[in-house]
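Novice: Coordinates in input19.cif, mmCIF, C-alpha atoms and all ligand atoms, are listed below.
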data_data
#
loop_
_atom_site.group_PDB
_atom_site.id
_atom_site.type_symbol
_atom_site.label_atom_id
_atom_site.label_comp_id
_atom_site.auth_asym_id
_atom_site.auth_seq_id
_atom_site.Cartn_x
_atom_site.Cartn_y
_atom_site.Cartn_z
ATOM 1 C CA MET A 1 168.631 63.679 34.257
ATOM 2 C CA THR A 2 169.754 66.317 36.746
ATOM 3 C CA HIS A 3 168.728 66.191 40.366
ATOM 4 C CA ARG A 4 165.758 68.436 41.185
ATOM 5 C CA SER A 5 164.840 69.530 44.680
ATOM 6 C CA GLU A 6 161.432 68.994 46.262
ATOM 7 C CA THR A 7 158.476 70.285 44.286
ATOM 8 C CA VAL A 8 156.630 73.465 45.242
ATOM 9 C CA LEU A 9 153.845 73.081 42.754
ATOM 10 C CA ASP A 10 152.445 69.779 41.552
ATOM 11 C CA VAL A 11 150.227 69.433 38.522
ATOM 12 C CA GLN A 12 148.555 66.038 38.822
ATOM 13 C CA ASP A 13 146.680 64.333 36.013
ATOM 14 C CA VAL A 14 144.984 67.561 34.883
ATOM 15 C CA HIS A 15 142.234 67.178 32.330
ATOM 16 C CA VAL A 16 140.333 70.011 30.619
ATOM 17 C CA GLU A 17 137.744 69.679 27.902
ATOM 18 C CA PHE A 18 135.885 72.391 25.950
ATOM 19 C CA SER A 19 132.644 71.044 24.487
ATOM 20 C CA GLY A 20 134.265 67.916 23.125
ATOM 21 C CA ILE A 21 137.758 69.320 22.470
ATOM 22 C CA ILE A 22 140.286 67.813 24.859
ATOM 23 C CA ALA A 23 142.656 70.682 25.649
ATOM 24 C CA LEU A 24 144.556 68.865 28.418
ATOM 25 C CA ASP A 25 144.629 65.123 28.764
ATOM 26 C CA GLY A 26 146.079 63.867 32.044
ATOM 27 C CA VAL A 27 149.021 66.267 32.308
ATOM 28 C CA SER A 28 151.321 65.842 35.324
ATOM 29 C CA PHE A 29 154.583 67.524 36.304
ATOM 30 C CA GLY A 30 156.138 69.339 39.233
ATOM 31 C CA ILE A 31 158.013 72.598 39.687
ATOM 32 C CA ALA A 32 160.888 72.510 42.145
ATOM 33 C CA GLN A 33 161.936 75.200 44.611
ATOM 34 C CA ASP A 34 163.796 78.129 42.941
ATOM 35 C CA GLU A 35 163.403 76.482 39.565
ATOM 36 C CA ILE A 36 162.636 78.125 36.235
ATOM 37 C CA LEU A 37 160.407 75.696 34.373
ATOM 38 C CA GLY A 38 159.740 76.326 30.695
ATOM 39 C CA LEU A 39 156.416 75.098 29.336
ATOM 40 C CA ILE A 40 156.586 74.744 25.566
ATOM 41 C CA GLY A 41 154.580 73.213 22.754
ATOM 42 C CA PRO A 42 153.307 73.998 19.262
ATOM 43 C CA ASN A 43 150.138 76.085 18.738
ATOM 44 C CA GLY A 44 147.111 74.488 20.362
ATOM 45 C CA ALA A 45 149.234 72.198 22.563
ATOM 46 C CA GLY A 46 147.439 73.303 25.735
ATOM 47 C CA LYS A 47 149.932 75.755 27.301
ATOM 48 C CA THR A 48 147.459 78.598 27.800
ATOM 49 C CA THR A 49 144.833 76.212 29.107
ATOM 50 C CA LEU A 50 147.276 74.901 31.697
ATOM 51 C CA PHE A 51 148.345 78.440 32.593
ATOM 52 C CA ASN A 52 144.692 79.345 33.070
ATOM 53 C CA CYS A 53 144.184 76.360 35.344
ATOM 54 C CA LEU A 54 147.146 77.477 37.461
ATOM 55 C CA SER A 55 145.769 81.005 37.714
ATOM 56 C CA ARG A 56 142.321 79.565 38.479
ATOM 57 C CA LEU A 57 140.541 80.921 35.425
ATOM 58 C CA TYR A 58 139.733 77.366 34.338
ATOM 59 C CA HIS A 59 138.778 74.498 36.572
ATOM 60 C CA PRO A 60 140.039 71.041 35.532
ATOM 61 C CA SER A 61 137.394 68.358 35.196
ATOM 62 C CA ARG A 62 139.879 65.863 36.609
ATOM 63 C CA GLY A 63 143.145 65.988 38.513
ATOM 64 C CA ASP A 64 144.556 68.380 41.057
ATOM 65 C CA ILE A 65 147.050 71.237 41.403
ATOM 66 C CA LEU A 66 148.919 71.426 44.693
ATOM 67 C CA LEU A 67 150.920 74.346 46.036
ATOM 68 C CA GLY A 68 153.130 73.296 48.919
ATOM 69 C CA GLY A 69 151.074 70.120 49.190
ATOM 70 C CA THR A 70 147.685 71.895 49.393
ATOM 71 C CA SER A 71 145.175 71.950 46.562
ATOM 72 C CA ILE A 72 144.674 75.397 45.017
ATOM 73 C CA LEU A 73 141.455 74.343 43.334
ATOM 74 C CA GLN A 74 139.353 75.787 46.146
ATOM 75 C CA TRP A 75 140.853 79.269 45.738
ATOM 76 C CA PRO A 76 138.920 81.750 43.630
ATOM 77 C CA ALA A 77 140.962 83.476 40.892
ATOM 78 C CA HIS A 78 140.933 86.864 42.651
ATOM 79 C CA GLN A 79 142.573 85.368 45.741
ATOM 80 C CA ILE A 80 145.289 83.488 43.956
ATOM 81 C CA ALA A 81 147.982 86.045 44.903
ATOM 82 C CA ARG A 82 147.125 85.425 48.536
ATOM 83 C CA ALA A 83 147.585 81.691 47.953
ATOM 84 C CA GLY A 84 151.177 82.401 46.832
ATOM 85 C CA ILE A 85 150.815 82.492 43.046
ATOM 86 C CA GLY A 86 151.852 85.625 41.165
ATOM 87 C CA ARG A 87 151.396 86.184 37.457
ATOM 88 C CA THR A 88 152.216 88.472 34.582
ATOM 89 C CA PHE A 89 150.107 88.885 31.453
ATOM 90 C CA GLN A 90 150.960 88.522 27.773
ATOM 91 C CA ASN A 91 149.950 92.090 26.962
ATOM 92 C CA VAL A 92 150.843 93.680 30.294
ATOM 93 C CA ALA A 93 147.985 94.587 32.629
ATOM 94 C CA LEU A 94 149.055 97.679 34.528
ATOM 95 C CA PHE A 95 146.940 100.524 35.852
ATOM 96 C CA GLY A 96 147.957 102.874 33.044
ATOM 97 C CA ASP A 97 147.052 106.102 34.798
ATOM 98 C CA LEU A 98 148.823 105.242 38.051
ATOM 99 C CA THR A 99 152.507 105.826 38.677
ATOM 100 C CA VAL A 100 154.984 102.971 38.679
ATOM 101 C CA ARG A 101 155.235 103.341 42.473
ATOM 102 C CA ASP A 102 151.472 102.943 42.911
ATOM 103 C CA ASN A 103 151.323 100.023 40.503
ATOM 104 C CA ILE A 104 153.923 98.153 42.550
ATOM 105 C CA SER A 105 152.348 99.088 45.896
ATOM 106 C CA VAL A 106 149.023 97.650 44.712
ATOM 107 C CA GLY A 107 150.707 94.240 44.632
ATOM 108 C CA MET A 108 151.720 94.672 48.272
ATOM 109 C CA HIS A 109 148.269 95.767 49.358
ATOM 110 C CA ALA A 110 147.012 92.393 48.174
ATOM 111 C CA LEU A 111 148.843 90.977 51.194
ATOM 112 C CA THR A 112 148.368 93.835 53.628
ATOM 113 C CA ARG A 113 145.201 93.425 55.594
ATOM 114 C CA GLY A 114 144.072 95.439 58.509
ATOM 115 C CA ASN A 115 141.707 93.830 60.971
ATOM 116 C CA LEU A 116 137.988 93.738 60.306
ATOM 117 C CA VAL A 117 137.305 96.812 62.423
ATOM 118 C CA SER A 118 139.890 98.993 60.676
ATOM 119 C CA ASP A 119 138.705 97.690 57.285
ATOM 120 C CA ALA A 120 135.085 98.486 58.149
ATOM 121 C CA LEU A 121 135.969 101.954 59.374
ATOM 122 C CA ARG A 122 138.295 102.448 56.386
ATOM 123 C CA LEU A 123 141.036 103.545 58.741
ATOM 124 C CA PRO A 124 144.282 104.561 57.044
ATOM 125 C CA MET A 125 147.179 102.118 57.099
ATOM 126 C CA SER A 126 149.511 102.430 60.023
ATOM 127 C CA ARG A 127 152.528 104.607 59.397
ATOM 128 C CA ARG A 128 154.735 101.601 59.900
ATOM 129 C CA THR A 129 152.902 99.646 57.187
ATOM 130 C CA GLU A 130 153.096 102.612 54.847
ATOM 131 C CA ALA A 131 156.829 103.009 55.469
ATOM 132 C CA ARG A 132 157.400 99.299 54.892
ATOM 133 C CA ILE A 133 155.500 99.367 51.602
ATOM 134 C CA ARG A 134 157.510 102.398 50.524
ATOM 135 C CA THR A 135 160.836 100.734 51.315
ATOM 136 C CA GLU A 136 159.928 97.415 49.717
ATOM 137 C CA THR A 137 158.616 99.181 46.596
ATOM 138 C CA GLU A 138 161.895 101.025 46.246
ATOM 139 C CA GLU A 139 163.939 97.855 46.768
ATOM 140 C CA LEU A 140 161.960 96.047 44.089
ATOM 141 C CA ALA A 141 162.300 98.972 41.704
ATOM 142 C CA GLU A 142 166.044 98.937 42.292
ATOM 143 C CA LEU A 143 166.301 95.235 41.517
ATOM 144 C CA LEU A 144 164.248 95.549 38.340
ATOM 145 C CA GLU A 145 166.080 98.688 37.227
ATOM 146 C CA ILE A 146 163.018 100.914 37.214
ATOM 147 C CA ALA A 147 163.923 103.098 40.219
ATOM 148 C CA ASP A 148 164.376 106.122 37.955
ATOM 149 C CA VAL A 149 160.777 105.918 36.706
ATOM 150 C CA LEU A 150 158.981 105.325 40.025
ATOM 151 C CA GLU A 151 157.009 108.558 39.778
ATOM 152 C CA VAL A 152 156.212 108.209 36.048
ATOM 153 C CA THR A 153 152.694 107.292 34.916
ATOM 154 C CA ALA A 154 152.818 103.678 33.695
ATOM 155 C CA ALA A 155 151.072 104.313 30.363
ATOM 156 C CA ASN A 156 153.837 106.731 29.359
ATOM 157 C CA LEU A 157 156.590 104.119 29.549
ATOM 158 C CA PRO A 158 157.987 101.982 26.697
ATOM 159 C CA PHE A 159 156.545 98.458 26.498
ATOM 160 C CA GLY A 160 159.749 96.778 27.721
ATOM 161 C CA THR A 161 159.796 98.966 30.834
ATOM 162 C CA GLN A 162 156.108 98.326 31.466
ATOM 163 C CA LYS A 163 156.908 94.610 31.470
ATOM 164 C CA ARG A 164 159.479 95.143 34.198
ATOM 165 C CA VAL A 165 156.954 97.159 36.212
ATOM 166 C CA GLU A 166 154.477 94.326 35.859
ATOM 167 C CA LEU A 167 157.100 91.857 37.029
ATOM 168 C CA ALA A 168 157.795 94.081 40.047
ATOM 169 C CA ARG A 169 154.107 94.223 40.870
ATOM 170 C CA ALA A 170 153.767 90.448 40.652
ATOM 171 C CA LEU A 171 156.786 90.035 42.959
ATOM 172 C CA ALA A 172 155.368 92.544 45.427
ATOM 173 C CA SER A 173 152.936 89.934 46.707
ATOM 174 C CA LYS A 174 155.924 87.675 47.509
ATOM 175 C CA PRO A 175 154.724 84.716 45.470
ATOM 176 C CA ARG A 176 156.056 81.213 46.003
ATOM 177 C CA ILE A 177 155.612 80.699 42.318
ATOM 178 C CA LEU A 178 155.463 83.212 39.515
ATOM 179 C CA LEU A 179 153.547 82.416 36.323
ATOM 180 C CA MET A 180 154.770 84.273 33.255
ATOM 181 C CA ASP A 181 152.676 84.198 30.100
ATOM 182 C CA GLU A 182 154.871 84.757 27.008
ATOM 183 C CA PRO A 183 156.958 87.550 28.548
ATOM 184 C CA ALA A 184 159.176 87.816 25.438
ATOM 185 C CA GLY A 185 156.223 88.770 23.218
ATOM 186 C CA GLY A 186 156.683 92.228 21.671
ATOM 187 C CA LEU A 187 160.292 92.573 22.833
ATOM 188 C CA ASN A 188 163.333 92.965 20.608
ATOM 189 C CA GLN A 189 166.360 90.675 20.769
ATOM 190 C CA GLU A 190 168.242 92.787 23.296
ATOM 191 C CA GLU A 191 165.179 93.242 25.518
ATOM 192 C CA VAL A 192 164.606 89.474 25.509
ATOM 193 C CA PHE A 193 168.192 88.919 26.618
ATOM 194 C CA LEU A 194 167.834 91.494 29.417
ATOM 195 C CA LEU A 195 164.536 89.931 30.487
ATOM 196 C CA GLY A 196 166.230 86.540 30.765
ATOM 197 C CA GLU A 197 168.998 87.997 32.938
ATOM 198 C CA LEU A 198 166.380 89.682 35.097
ATOM 199 C CA MET A 199 164.415 86.471 35.552
ATOM 200 C CA LYS A 200 167.537 84.622 36.668
ATOM 201 C CA ARG A 201 168.271 87.399 39.164
ATOM 202 C CA VAL A 202 164.680 87.343 40.440
ATOM 203 C CA ARG A 203 164.852 83.608 40.980
ATOM 204 C CA THR A 204 168.122 83.892 42.913
ATOM 205 C CA GLU A 205 167.166 86.895 45.035
ATOM 206 C CA PHE A 206 163.540 86.003 45.756
ATOM 207 C CA LYS A 207 163.835 82.224 45.817
ATOM 208 C CA THR A 208 160.732 82.222 43.634
ATOM 209 C CA SER A 209 159.954 79.350 41.328
ATOM 210 C CA ILE A 210 158.995 80.534 37.854
ATOM 211 C CA LEU A 211 156.741 78.850 35.329
ATOM 212 C CA LEU A 212 157.456 80.314 31.928
ATOM 213 C CA VAL A 213 155.055 79.743 29.037
ATOM 214 C CA GLU A 214 156.963 80.915 26.024
ATOM 215 C CA HIS A 215 157.259 80.558 22.253
ATOM 216 C CA HIS A 216 160.709 82.160 22.209
ATOM 217 C CA MET A 217 162.875 79.036 22.255
ATOM 218 C CA GLY A 218 166.083 81.033 22.678
ATOM 219 C CA LEU A 219 164.811 82.448 25.969
ATOM 220 C CA VAL A 220 163.427 79.151 27.265
ATOM 221 C CA MET A 221 166.518 77.153 26.410
ATOM 222 C CA SER A 222 168.904 79.719 27.873
ATOM 223 C CA ILE A 223 167.239 80.254 31.243
ATOM 224 C CA ALA A 224 165.039 77.242 32.065
ATOM 225 C CA ASP A 225 166.361 74.606 34.459
ATOM 226 C CA HIS A 226 163.709 72.167 33.377
ATOM 227 C CA VAL A 227 161.404 72.049 30.356
ATOM 228 C CA VAL A 228 158.022 70.394 29.887
ATOM 229 C CA ALA A 229 156.846 69.946 26.298
ATOM 230 C CA LEU A 230 153.155 69.552 25.523
ATOM 231 C CA ASN A 231 151.515 68.445 22.295
ATOM 232 C CA PHE A 232 147.808 67.900 21.620
ATOM 233 C CA GLY A 233 147.043 68.303 25.332
ATOM 234 C CA LYS A 234 149.458 65.608 26.495
ATOM 235 C CA LYS A 235 152.901 65.796 27.995
ATOM 236 C CA LEU A 236 155.279 64.824 25.243
ATOM 237 C CA ALA A 237 158.519 65.022 27.196
ATOM 238 C CA GLU A 238 160.256 66.692 30.097
ATOM 239 C CA GLY A 239 163.889 67.205 30.985
ATOM 240 C CA THR A 240 166.742 69.657 30.826
ATOM 241 C CA PRO A 241 166.815 72.109 27.895
ATOM 242 C CA ALA A 242 169.509 69.975 26.226
ATOM 243 C CA GLU A 243 167.442 66.800 26.631
ATOM 244 C CA ILE A 244 164.345 68.483 25.226
ATOM 245 C CA GLN A 245 166.184 69.999 22.268
ATOM 246 C CA ALA A 246 167.483 66.560 21.346
ATOM 247 C CA HIS A 247 164.189 64.744 21.965
ATOM 248 C CA PRO A 248 162.999 63.136 18.686
ATOM 249 C CA GLN A 249 159.270 63.526 19.452
ATOM 250 C CA VAL A 250 159.685 67.182 20.388
ATOM 251 C CA ILE A 251 161.605 67.851 17.184
ATOM 252 C CA GLU A 252 158.942 66.014 15.207
ATOM 253 C CA ALA A 253 156.105 67.961 16.907
ATOM 254 C CA TYR A 254 157.685 71.274 16.020
ATOM 255 C CA LEU A 255 158.799 70.398 12.514
ATOM 256 C CA GLY A 256 155.554 68.545 11.799
ATOM 257 C CA GLY A 257 153.475 71.537 12.888
ATOM 258 C CA GLY A 258 155.692 74.030 11.114
ATOM 259 C CA ASP A 259 155.920 75.987 14.377
ATOM 260 C CA ALA A 260 159.270 76.951 15.828
HETATM 261 N N1 LIG B 301 137.963 78.655 25.638
HETATM 262 C C1 LIG B 301 138.103 77.684 24.764
HETATM 263 N N2 LIG B 301 137.030 77.129 24.135
HETATM 264 C C2 LIG B 301 137.170 76.110 23.263
HETATM 265 N N3 LIG B 301 138.349 75.554 22.951
HETATM 266 C C3 LIG B 301 139.453 76.060 23.519
HETATM 267 C C4 LIG B 301 139.398 77.136 24.447
HETATM 268 N N4 LIG B 301 140.675 77.412 24.870
HETATM 269 C C5 LIG B 301 141.468 76.549 24.219
HETATM 270 N N5 LIG B 301 140.734 75.734 23.412
HETATM 271 C C6 LIG B 301 141.273 74.650 22.587
HETATM 272 O O1 LIG B 301 142.098 73.863 23.427
HETATM 273 C C7 LIG B 301 143.293 73.480 22.748
HETATM 274 C C8 LIG B 301 144.513 73.981 23.498
HETATM 275 O O2 LIG B 301 144.582 75.410 23.352
HETATM 276 P P1 LIG B 301 145.592 76.337 24.116
HETATM 277 O O3 LIG B 301 145.201 77.752 23.804
HETATM 278 O O4 LIG B 301 145.675 75.959 25.527
HETATM 279 O O5 LIG B 301 146.956 75.991 23.377
HETATM 280 P P2 LIG B 301 148.347 76.773 23.402
HETATM 281 O O6 LIG B 301 149.395 75.742 23.546
HETATM 282 O O7 LIG B 301 148.311 77.849 24.415
HETATM 283 O O8 LIG B 301 148.398 77.411 21.951
HETATM 284 P P3 LIG B 301 149.079 78.784 21.445
HETATM 285 O O9 LIG B 301 150.547 78.552 21.491
HETATM 286 O O10 LIG B 301 148.581 78.905 20.047
HETATM 287 O O11 LIG B 301 148.607 79.886 22.353
HETATM 288 C C9 LIG B 301 143.171 73.999 21.331
HETATM 289 O O12 LIG B 301 142.624 72.971 20.544
HETATM 290 C C10 LIG B 301 142.198 75.140 21.469
HETATM 291 O O13 LIG B 301 141.487 75.356 20.271
#
Represent the structure of the file as structure tokens.
Specialist:
Amino acid sequence: MTHRSETVLDVQDVHVEFSGIIALDGVSFGIAQDEILGLIGPNGAGKTTLFNCLSRLYHPSRGDILLGGTSILQWPAHQIARAGIGRTFQNVALFGDLTVRDNISVGMHALTRGNLVSDALRLPMSRRTEARIRTETEELAELLEIADVLEVTAANLPFGTQKRVELARALASKPRILLMDEPAGGLNQEEVFLLGELMKRVRTEFKTSILLVEHHMGLVMSIADHVVALNFGKKLAEGTPAEIQAHPQVIEAYLGGGDA
């Protein structure tokens, strides 16, 4: 076992049931600071259900989820970015008719609040705030190698580029933890490799912990620091990628289910 630093997010004994089907059965694990944690498991293992609990779409019937020691279960889903949790979607959820610049800025507006009076009067943002958003948008675009398409309408971009725009938007709200739902889906081999490199750079530059739910084992095993394997709603194993790849029950779960 490698040493892991203090946890940022703690999943504690989470239990979710859908009219008799137990989707998660007492799952517990933690995500450390600046860590990329891969969450894997065969079809129906409970990955999406857990992801949806973390993004507050589902509410566990038992257990707790703590971010920086505070339960997130009181936060409504639409305020989760404010709580410090960013996310990307499996099929990319951008504002297709907005430019890349505006899509990224939207993520920053989630954090930028005027006071109640200026909100009520719908006063424009201060010039300083506008300038800051502009600079930060451009810095993010630079990092994610989309600076050359900042003024392009999002819907007109290739899927792989749209994914990077979505990642930039999620990072714009400066999350403590970033949830990524099958980011490799729909990408070719080279794009998956580039995505992995990008995620490592994001982690280093932003000090963001990343929870990666992913079927693409090559990606998980090459970039995750720590892996949690689920099966039938329970945690089967956790450890380094090498430990998980060699874990007899994990191998059995994948081979047994015919899912790789
Ligand atoms: N909304 C729902 N209503 C009823 N049952 C559900 C619902 N969502 C998930 N389940 C069930 O909960 C279990 C876990 O499903 P979940 O989608 O979380 O697995 P998964 O690991 O994400 O699978 P996959 O890799 O196929 O996406 C499955 O038995 C599934 O049928």
Novice: Tell me which residues the PyMOL selection byres (((not hetatm)) within 6 of (chain B and resi 301)) grabs here, as a VMD selection string.
Specialist: chain A and resid 18 23 41 to 49
Novice: Hey, what comes out of the PyMOL selection byres (((chain A and resi 35) around 12) and not hetatm) on this file? Could you write it as a PDB file with C-alpha atoms, in the coordinates of the input?
Specialist:
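Contents of result-v1.pdb, as written:
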ATOM      1  CA  HIS A   3     168.728  66.191  40.366  1.00  0.00           C
ATOM      2  CA  ARG A   4     165.758  68.436  41.185  1.00  0.00           C
ATOM      3  CA  SER A   5     164.840  69.530  44.680  1.00  0.00           C
ATOM      4  CA  GLU A   6     161.432  68.994  46.262  1.00  0.00           C
ATOM      5  CA  THR A   7     158.476  70.285  44.286  1.00  0.00           C
ATOM      6  CA  VAL A   8     156.630  73.465  45.242  1.00  0.00           C
ATOM      7  CA  LEU A   9     153.845  73.081  42.754  1.00  0.00           C
ATOM      8  CA  GLY A  30     156.138  69.339  39.233  1.00  0.00           C
ATOM      9  CA  ILE A  31     158.013  72.598  39.687  1.00  0.00           C
ATOM     10  CA  ALA A  32     160.888  72.510  42.145  1.00  0.00           C
ATOM     11  CA  GLN A  33     161.936  75.200  44.611  1.00  0.00           C
ATOM     12  CA  ASP A  34     163.796  78.129  42.941  1.00  0.00           C
ATOM     13  CA  ILE A  36     162.636  78.125  36.235  1.00  0.00           C
ATOM     14  CA  LEU A  37     160.407  75.696  34.373  1.00  0.00           C
ATOM     15  CA  GLY A  38     159.740  76.326  30.695  1.00  0.00           C
ATOM     16  CA  ARG A 176     156.056  81.213  46.003  1.00  0.00           C
ATOM     17  CA  ILE A 177     155.612  80.699  42.318  1.00  0.00           C
ATOM     18  CA  LEU A 178     155.463  83.212  39.515  1.00  0.00           C
ATOM     19  CA  LEU A 179     153.547  82.416  36.323  1.00  0.00           C
ATOM     20  CA  MET A 199     164.415  86.471  35.552  1.00  0.00           C
ATOM     21  CA  LYS A 200     167.537  84.622  36.668  1.00  0.00           C
ATOM     22  CA  ARG A 201     168.271  87.399  39.164  1.00  0.00           C
ATOM     23  CA  VAL A 202     164.680  87.343  40.440  1.00  0.00           C
ATOM     24  CA  ARG A 203     164.852  83.608  40.980  1.00  0.00           C
ATOM     25  CA  THR A 204     168.122  83.892  42.913  1.00  0.00           C
ATOM     26  CA  PHE A 206     163.540  86.003  45.756  1.00  0.00           C
ATOM     27  CA  LYS A 207     163.835  82.224  45.817  1.00  0.00           C
ATOM     28  CA  THR A 208     160.732  82.222  43.634  1.00  0.00           C
ATOM     29  CA  SER A 209     159.954  79.350  41.328  1.00  0.00           C
ATOM     30  CA  ILE A 210     158.995  80.534  37.854  1.00  0.00           C
ATOM     31  CA  LEU A 211     156.741  78.850  35.329  1.00  0.00           C
ATOM     32  CA  LEU A 212     157.456  80.314  31.928  1.00  0.00           C
ATOM     33  CA  ILE A 223     167.239  80.254  31.243  1.00  0.00           C
ATOM     34  CA  ALA A 224     165.039  77.242  32.065  1.00  0.00           C
ATOM     35  CA  ASP A 225     166.361  74.606  34.459  1.00  0.00           C
ATOM     36  CA  HIS A 226     163.709  72.167  33.377  1.00  0.00           C
ATOM     37  CA  VAL A 227     161.404  72.049  30.356  1.00  0.00           C
ATOM     38  CA  THR A 240     166.742  69.657  30.826  1.00  0.00           C
TER      39      THR A 240
END
Novice: Skipping near chain neighbours, those fewer than 2 positions away, what residues fall within 12 Å of Thr135 (chain A) using only C-alpha atoms, listed as a list in words?
Specialist: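 Listing them by chain and then by number gives Arg101, Ile104, Ser105, Met108, Arg128, Thr129, Glu130, Ala131, Arg132, Ile133, Thr137, Glu138, Glu139, Leu140, Ala141, Glu142, Ala147 and Ala172 of chain A.
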Novice: When you count only C-alpha atoms, which of these residues is closest to His216 (chain A): A:Glu190, A:Glu182, A:Val14, A:Arg82?
Specialist: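 Nearest candidate to His216 (chain A) out of A:Glu190, A:Glu182, A:Val14, A:Arg82: A:Glu182.
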Novice: Around the point (142.8, 67.9, 33.5) in the file's coordinates, collect all residues with an atom within 8 Å, using all atoms listed in the file, and return them as a PyMOL selection string.
Specialist: chain A and resi 13-17+24-27+60-64
Novice: Would you mind telling me which residue in A:Glu166, A:Val11, A:Gln74, A:Gly68 lies nearest to Ala93 (chain A) when using all atoms listed in the file?
Specialist: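 Among A:Glu166, A:Val11, A:Gln74, A:Gly68, it is A:Glu166 that comes nearest to Ala93 (chain A).
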Novice: Have a look at A:Asp148, A:His59, A:Asn156, A:Asp181 and name the one nearest to Arg87 (chain A); count all atoms listed in the file.
Specialist: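 Residue with the minimum atom-to-atom distance to Arg87 (chain A): A:Asp181.
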Novice: So, counting only C-alpha atoms, which residue among A:Arg164, A:His247, A:His78, A:Arg127 is closest to Ala184 (chain A)?
Specialist: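 When distances to Ala184 (chain A) are compared using only C-alpha atoms, the smallest one comes from A:Arg164.
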Novice: What do you get, as a PyMOL selection string, if you spell out every residue that the PyMOL selection byres (((chain A and resi 103) around 10) and not hetatm) selects here?
Specialist: chain A and resi 94-102+104-108+137+150+153-154+165-166+168-170+172
Novice: Need to verify the contact set: region 219-222 of chain A, 7 Å, only C-alpha atoms, exclusion of same-chain residues closer than 5 positions in sequence. Can you return it as a PyMOL selection string?
Specialist: chain A and resi 38+196+214+241
Novice: Of the candidates A:Asn188, A:Ile21, A:Val228, A:Gly233, which shows the shortest atom-to-atom distance to Val250 (chain A), using all atoms listed in the file?
Specialist: A:Val228
Novice: Go ahead and fit an axis-aligned box to every listed atom of region 95-102 of chain A plus 3 Å each side, and pass me the centre and edge lengths in Å, one decimal, as AutoDock Vina command-line options.
Specialist:
--center_x 151.1 --center_y 103.3 --center_z 38.0 --size_x 14.3 --size_y 11.6 --size_z 15.9
